[in-house]
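Okay, so here's the structure we're looking at.
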Amino acid sequence: MGDELLIIGIDSLDPRVLLQYRNDLPTFSTLMDESPTRISHSVFPTDTIPAWASIYTGLHPGNHGLLYVYDIFDPKLSDLKKLDVARIKGKTFWDYANNDGLHAVVVHPMMLYPAWEISDIMVSRSPIDRRTDWVRTEIDVDVYPRNIRDKYAIPNTYTGLWGGFPGLTHLDEWVHLGQKTLNDEQRLGLELLRNERWDLFFIYFNVLDIIQHRLWRFFDTSDPLYRKNQFSAVIVDYYKHLDNIVGSFIVERPDVQLIVLSDHGHKSRPMTTVNINTYLQMHNVLVPNEQRKHVTRHLRKTILEIINRLGIEHVVMRLVVNSPRLTRASKSLYSSSGSIDRDKSTAFLSTFAGIKSYPDGGIEIQAEHLSPREYEKLRDAIIGWLETLTTARGERVMRWARKREDLYPGTFTAQLYPDVVFELQPQYGVGWDVHSDLFGKAYDHPVASGGHAPDAVLLMRNIDKAVPRTDISLMDVAPTIVDLLGIDWGRLEFDGTSILEP
C-alpha cells in the first residue's frame, strides 16, 4: 500500500501565469520549487470534458469516448445531455483505488453525475445547469452515500456562476459570486478532509476557467483588445484566492503526497482566423450556395459586428435560449453552414471542436459520395493542402494535419472525430466564413477573449520516487496516481504510463 494522496484539480490553471506572478503566490511558488514536474500536455481538442475524462481514466478521447465542446448556440446543452458518463464508470483512478481496498473521497468531479457507489464518499454536481438571472445558475447535487447530505449540510442544489458574458453592468456581481463559490467549495472540501477516512482525496474547482474566458482581455497586456480597468486585477486575485485554498489543504495534511493539476492552461483567443471552408472552395471540394451567397455574408458580418461593438452577447443568448428556431438560424449564420451546398460538396469544416476561433479543427468528408479508394485519396489530398497553407509572407499556418485514426486510434475515434483533424499555429483560429478572404478576424473576442492553451499544470509534493520524464500528457496522470497508491498500474488498461521511476 502507498501513502495517502491528496489531489486538487483546478480547471484552466495556467503554468505561465503561475510563473509570472509567483511572487504573489507563495503556495504555488513553493510547490513549483519542490515539484519534480510543472507541465503536462492536454488532449485534442484542448477542452475541459475530454481533458478531465483523460485525467480520470488514463485513456485518450478515442478510447474513453467523452467529447463535448461548449456551443454558445446550444444554451440548453442538448448535446451535453447526450454524453454517456457510464463509459468511464469503473475506469477512473478512484475506482481502481477502491478495487485495491483503498478508501476514496471524491468531491465535484467534472461532469460525472450522478454520484456512483464508491468507498467512501462521492459528491457530484450536474453538468447541466439552469440560468436563474444574469449571473447565476442552479445546479443539481447528488451524493453517495445518502446520509452524508445531512451530515455536511450539502444542499440538493448549488448556486453556480453563469459561464456566459453577463454584460459590463453585471460583471462586479458576477466576479464576487465566483469568489463565494470558491469559498463554499473550500469549506466542504476541508470538512470532508478532516472528518472522513481516506487514502485518496480528490477535489475539483472550475470557476477560474469561467473567469479567464470572459476577463482575459482586461488582464493580458499582450491581448490586442487590452485596456486597463477595474477588472484588470480580477484574474490575479483569483490565482491568489486559489493559492490560499491550496495552502489551506496543505496546512491540514502537510505530510501527505500531493498533486495539484489542471486540464489545460489559458491564453488570449486568436484574433486572426483562417477560413478553412474558403480554402476548401479554392480546391473545388466545397460548393457554395450561390442563392444565399451575398445575403448571408453581409448579414453575418453586420450582426456580429453589432454584437461585439455593443457587448450584447448576453442579450442575444437570452433570446436564443427561448427560441429553437432562432438558435438554428443563429448557428447557421455564424458558421456560414447555410452558405454551403452540401449536396454538391464533398468536404467542409466540422463543428466537432466548437464554433469558435480556436486553433483546433477538423474536416468532414461525405464518404457516401466516394469509393473507398477515392475517400482515402481525398483525405491525403486535404492533408497535403493544409500542410502547405501559408501566409502571403510564406509562413506556415498549420502546426499539423492528419487522419483521425493517426491522432487517437481507438474504440470511439470514428464516432467522435471528423475524417481529417488539424491544429493551426497558436496565433490563428478557425474561421467560418465562406465567400470571403482566406484570412479574417475573430468576431467573438470581445465577449470571450480567453481561450484554452495546451500546456496544463502538474505539481507534486512529498513524492519519494524520481520523475525522469519531461514529456508528460494527461493520459499519464491516472497511471501515476495508482502507482503512488502502491497499485501495479501495468496490469490496468491505460493509454498513458506512470511518470515515476520504477
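To be explicit about the labels: the chains of the C-alpha cells are called A, B, and onward in the order shown, and within each one the residues are counted from 1, while ligands get numbers from 1 in the order they are shown.
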
Applying 10 Å and only C-alpha atoms, which residues near Ile472 in chain A remain after dropping the ones on its own chain fewer than 5 positions away? List them as an mmCIF file with C-alpha atoms, in the first residue's frame.
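Printed below is around-v4.cif as written:
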data_model
loop_
_atom_site.group_PDB
_atom_site.id
_atom_site.type_symbol
_atom_site.label_atom_id
_atom_site.label_comp_id
_atom_site.auth_asym_id
_atom_site.auth_seq_id
_atom_site.Cartn_x
_atom_site.Cartn_y
_atom_site.Cartn_z
ATOM 1 C CA THR A 37 7.241 18.373 -12.663
ATOM 2 C CA ARG A 38 5.475 21.536 -13.765
ATOM 3 C CA ILE A 39 3.733 20.952 -17.080
ATOM 4 C CA SER A 40 1.682 18.257 -18.784
ATOM 5 C CA HIS A 41 0.192 18.399 -22.264
ATOM 6 C CA SER A 42 -3.563 18.400 -22.791
ATOM 7 C CA ALA A 456 -1.508 22.210 -18.234
ATOM 8 C CA LEU A 458 1.197 19.280 -12.910
ATOM 9 C CA VAL A 477 -1.852 11.171 -14.730
ATOM 10 C CA GLY A 496 -0.542 6.598 -20.707
ATOM 11 C CA THR A 497 2.170 5.319 -18.371
ATOM 12 C CA SER A 498 3.351 6.227 -14.881
ATOM 13 C CA ILE A 499 5.925 9.019 -14.930
#

Next item on the list: For Glu405 in chain A, list every protein, DNA or RNA residue within 9 Å, evaluated using only C-alpha atoms, and leave out those in the same chain fewer than 3 positions away; present the list as a PyMOL selection string.
Entry: chain A and resi 62+402+408-410+413-414+417+419

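Residues lying within 6 Å of Phe439 in chain A, counting only C-alpha atoms and ignoring same-chain neighbours fewer than 3 positions away, are A:Thr273, A:Val274, A:Asn275.
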
Note to self: Env of Leu215 in chain A: 10 Å cut, atoms = only C-alpha atoms, seq-sep filter 6 positions within chain, self excluded. Answer as an NGL selection string.
What the structure shows: :A and (165 or 171 or 175 or 226 or 231-235 or 446-450)

Restricting the output to N, CA and C atoms, write the selected residues as a tab-separated table (two decimals), in the first residue's frame.
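Wrote out04.tsv, looks like this:
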chain	number	residue	atom	x	y	z
A	165	PHE	N	-21.05	35.72	-20.86
A	165	PHE	CA	-20.69	37.11	-20.55
A	165	PHE	C	-21.93	37.81	-20.02
A	171	LEU	N	-20.87	42.68	-14.23
A	171	LEU	CA	-19.59	42.00	-14.05
A	171	LEU	C	-19.13	41.98	-12.59
A	175	VAL	N	-18.28	38.58	-10.59
A	175	VAL	CA	-16.95	38.28	-10.04
A	175	VAL	C	-17.05	37.88	-8.58
A	226	TYR	N	-6.59	44.69	-25.06
A	226	TYR	CA	-6.32	45.01	-23.65
A	226	TYR	C	-6.60	46.48	-23.36
A	231	PHE	N	-11.43	45.74	-13.68
A	231	PHE	CA	-11.42	44.28	-13.71
A	231	PHE	C	-10.05	43.70	-14.08
A	232	SER	N	-9.06	44.54	-14.27
A	232	SER	CA	-7.75	44.07	-14.73
A	232	SER	C	-7.05	43.19	-13.70
A	233	ALA	N	-7.35	43.38	-12.42
A	233	ALA	CA	-6.68	42.60	-11.37
A	233	ALA	C	-7.46	41.36	-10.97
A	234	VAL	N	-8.63	41.13	-11.56
A	234	VAL	CA	-9.50	40.05	-11.10
A	234	VAL	C	-8.85	38.68	-11.28
A	235	ILE	N	-8.26	38.41	-12.45
A	235	ILE	CA	-7.69	37.09	-12.69
A	235	ILE	C	-6.56	36.80	-11.71
A	446	PRO	N	-14.29	40.06	-28.18
A	446	PRO	CA	-14.65	41.00	-27.11
A	446	PRO	C	-15.42	40.38	-25.96
A	447	VAL	N	-16.22	39.35	-26.20
A	447	VAL	CA	-17.02	38.76	-25.12
A	447	VAL	C	-16.45	37.44	-24.62
A	448	ALA	N	-15.49	36.87	-25.35
A	448	ALA	CA	-14.83	35.63	-24.90
A	448	ALA	C	-13.37	35.70	-25.34
A	449	SER	N	-12.62	36.58	-24.68
A	449	SER	CA	-11.25	36.86	-25.14
A	449	SER	C	-10.25	35.79	-24.71
A	450	GLY	N	-10.59	35.00	-23.70
A	450	GLY	CA	-9.70	33.95	-23.24
A	450	GLY	C	-9.96	32.64	-23.93

Note to self: At a cut-off of 7 Å, using only C-alpha atoms, what residues contact range 81-88 of chain A? Leave out same-chain residues fewer than 6 positions from it and give the result as a PyMOL selection string.
What the structure shows: chain A and resi 64+66+112

Check: What's the 8 Å shell around Leu459 in chain A, counting only C-alpha atoms, without same-chain residues fewer than 3 positions away, as a PyMOL selection string?
Finding: chain A and resi 31-32+35-39+259-261

Dump as a short mmCIF file (atom, residue, chain, number, x, y, z; two decimals), in the first residue's frame, selection limited to N, CA and C atoms:
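Saved the output as out-v5.cif:
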data_model
loop_
_atom_site.label_atom_id
_atom_site.label_comp_id
_atom_site.auth_asym_id
_atom_site.auth_seq_id
_atom_site.Cartn_x
_atom_site.Cartn_y
_atom_site.Cartn_z
N LEU A 31 5.41 25.12 -4.21
CA LEU A 31 5.15 23.86 -4.91
C LEU A 31 5.99 23.74 -6.16
N MET A 32 6.13 24.83 -6.91
CA MET A 32 6.94 24.78 -8.13
C MET A 32 8.40 24.49 -7.81
N SER A 35 8.42 20.64 -6.70
CA SER A 35 7.89 19.62 -7.60
C SER A 35 8.91 19.16 -8.63
N PRO A 36 8.93 17.86 -8.90
CA PRO A 36 9.78 17.35 -9.99
C PRO A 36 9.17 17.61 -11.38
N THR A 37 7.93 18.08 -11.40
CA THR A 37 7.24 18.37 -12.66
C THR A 37 6.57 19.73 -12.57
N ARG A 38 6.26 20.29 -13.74
CA ARG A 38 5.47 21.54 -13.76
C ARG A 38 4.37 21.49 -14.82
N ILE A 39 4.64 20.86 -15.93
CA ILE A 39 3.73 20.95 -17.08
C ILE A 39 3.38 19.57 -17.60
N ILE A 259 -0.83 16.21 -5.27
CA ILE A 259 -0.80 16.59 -6.69
C ILE A 259 -1.75 17.76 -6.88
N VAL A 260 -1.27 18.82 -7.51
CA VAL A 260 -2.12 19.93 -7.95
C VAL A 260 -2.02 19.97 -9.47
N LEU A 261 -3.15 19.90 -10.14
CA LEU A 261 -3.10 19.78 -11.61
C LEU A 261 -4.25 20.51 -12.27
#

Next item on the list: Enumerate, as a count of residues only, the complete set of residues in range 81-270 of chain A that a backbone-based DSSP assignment places in strand (DSSP E).
Entry: 45

Next item on the list: Any chance you could list, as a PyMOL selection string, the residues in range 339-491 of chain A that come up helix (DSSP H, G or I) when DSSP is run on the backbone?
Entry: chain A and resi 339+367-369+372-387+404-407+413-416+474-484+489-491

Could you turn the residues from that selection into a file that holds C-alpha atoms, as a PDB file, in the first residue's frame?
ATOM      1  CA  SER A 339     -23.934  29.120 -47.442  1.00  0.00           C
ATOM      2  CA  ALA A 367     -17.713   9.478 -47.788  1.00  0.00           C
ATOM      3  CA  GLU A 368     -21.017   8.173 -49.120  1.00  0.00           C
ATOM      4  CA  HIS A 369     -20.301  10.123 -52.305  1.00  0.00           C
ATOM      5  CA  PRO A 372     -13.082   3.744 -50.512  1.00  0.00           C
ATOM      6  CA  ARG A 373     -10.138   4.481 -52.773  1.00  0.00           C
ATOM      7  CA  GLU A 374     -11.445   7.944 -53.671  1.00  0.00           C
ATOM      8  CA  TYR A 375     -12.089   8.652 -49.993  1.00  0.00           C
ATOM      9  CA  GLU A 376      -8.521   7.879 -48.938  1.00  0.00           C
ATOM     10  CA  LYS A 377      -7.131   9.788 -51.890  1.00  0.00           C
ATOM     11  CA  LEU A 378      -9.174  12.841 -50.916  1.00  0.00           C
ATOM     12  CA  ARG A 379      -8.094  12.600 -47.271  1.00  0.00           C
ATOM     13  CA  ASP A 380      -4.449  12.528 -48.339  1.00  0.00           C
ATOM     14  CA  ALA A 381      -5.029  15.478 -50.651  1.00  0.00           C
ATOM     15  CA  ILE A 382      -6.731  17.585 -47.963  1.00  0.00           C
ATOM     16  CA  ILE A 383      -3.901  16.914 -45.509  1.00  0.00           C
ATOM     17  CA  GLY A 384      -1.416  17.943 -48.174  1.00  0.00           C
ATOM     18  CA  TRP A 385      -3.329  21.161 -48.890  1.00  0.00           C
ATOM     19  CA  LEU A 386      -3.492  22.040 -45.211  1.00  0.00           C
ATOM     20  CA  GLU A 387       0.191  21.351 -44.614  1.00  0.00           C
ATOM     21  CA  ARG A 404      -8.244  10.925 -37.172  1.00  0.00           C
ATOM     22  CA  GLU A 405      -7.029   7.371 -36.576  1.00  0.00           C
ATOM     23  CA  ASP A 406      -3.436   8.595 -36.721  1.00  0.00           C
ATOM     24  CA  LEU A 407      -4.211  11.002 -33.872  1.00  0.00           C
ATOM     25  CA  THR A 413     -12.437   7.613 -32.737  1.00  0.00           C
ATOM     26  CA  ALA A 414     -14.679   7.402 -35.801  1.00  0.00           C
ATOM     27  CA  GLN A 415     -17.683   8.392 -33.710  1.00  0.00           C
ATOM     28  CA  LEU A 416     -16.079  11.471 -32.153  1.00  0.00           C
ATOM     29  CA  LEU A 474      -2.832  13.987 -19.300  1.00  0.00           C
ATOM     30  CA  MET A 475      -3.093  10.258 -20.068  1.00  0.00           C
ATOM     31  CA  ASP A 476      -0.088   9.722 -17.788  1.00  0.00           C
ATOM     32  CA  VAL A 477      -1.852  11.171 -14.730  1.00  0.00           C
ATOM     33  CA  ALA A 478      -4.085   8.208 -13.781  1.00  0.00           C
ATOM     34  CA  PRO A 479      -1.355   5.540 -14.028  1.00  0.00           C
ATOM     35  CA  THR A 480       0.924   7.816 -11.975  1.00  0.00           C
ATOM     36  CA  ILE A 481      -1.783   8.219  -9.314  1.00  0.00           C
ATOM     37  CA  VAL A 482      -2.362   4.484  -8.940  1.00  0.00           C
ATOM     38  CA  ASP A 483       1.410   3.981  -8.874  1.00  0.00           C
ATOM     39  CA  LEU A 484       1.663   6.466  -5.984  1.00  0.00           C
ATOM     40  CA  TRP A 489      -0.536   0.202 -12.840  1.00  0.00           C
ATOM     41  CA  GLY A 490       0.899  -2.069 -15.539  1.00  0.00           C
ATOM     42  CA  ARG A 491      -1.933  -4.585 -15.123  1.00  0.00           C
TER      43      ARG A 491
END

Between range 196-294 of chain A and range 120-137 of chain A, at 10 Å or less, what are the per-residue closest atom pairs and their distances in Å? Count only C-alpha atoms, order by chain and rising residue number, and return it as a Markdown table.
| residue | atom | partner | partner_atom | distance |
| --- | --- | --- | --- | --- |
| A:Glu196 | CA | A:Asp120 | CA | 8.3 |
| A:Arg197 | CA | A:Asp120 | CA | 7.7 |
| A:Trp198 | CA | A:Asp120 | CA | 7.5 |
| A:Asp199 | CA | A:Asp120 | CA | 9.9 |
| A:Leu200 | CA | A:Asp120 | CA | 9.8 |
| A:Phe201 | CA | A:Ile121 | CA | 9.5 |
| A:Phe202 | CA | A:Met122 | CA | 9.6 |
| A:Ile203 | CA | A:Val123 | CA | 9.5 |

Show me, as a compact mmCIF listing (two decimals) with C-alpha atoms, in the first residue's frame, the residues that have an atom within 8 Å of Ala97 in chain A when counting only C-alpha atoms, minus same-chain residues fewer than 5 positions from it.
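Output contents, as saved in result_9.txt:
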# COMPACT_ATOMS: atom_id res chain seq x y z
CA LEU A 102 -8.36 1.73 -0.55
CA HIS A 103 -10.77 4.42 0.66
CA ALA A 104 -11.57 7.38 -1.59
CA LEU A 200 -7.21 9.07 -1.83
CA VAL A 482 -2.36 4.48 -8.94
CA LEU A 485 -1.04 4.48 -4.20
CA ILE A 487 -1.03 -0.32 -7.12

Margin query: With distances taken over only C-alpha atoms, which residue among A:Asn289, A:Ala442, A:Thr221, A:Leu280 lies nearest Glu364 in chain A?
Written below: A:Leu280

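Relative to CA of Trp216 in chain A, CA of Leu177 in chain A is found at 17.9 Å.
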
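Here CA of Phe249 in chain A is placed at a distance of 16.6 Å from CA of Glu34 in chain A.
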
Next item on the list: Would you work out the distance separating CA of Leu6 in chain A from CA of Val256 in chain A, expressed in Å to one decimal?
Entry: 6.8 Å

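Checking A:Val105, A:Lys267, A:Tyr113, A:Leu438 one by one against Thr390 in chain A, counting only C-alpha atoms, you find the shortest gap at A:Leu438.
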
Note to self: With distances taken over only C-alpha atoms, which residue among A:Arg253, A:Arg269, A:Lys240, A:His435 lies nearest Ser29 in chain A?
What the structure shows: A:Lys240

Check: Of the candidates A:Gln257, A:Thr27, A:Thr351, A:Ser371, which shows the shortest atom-to-atom distance to Pro418 in chain A, using only C-alpha atoms?
Finding: A:Thr351
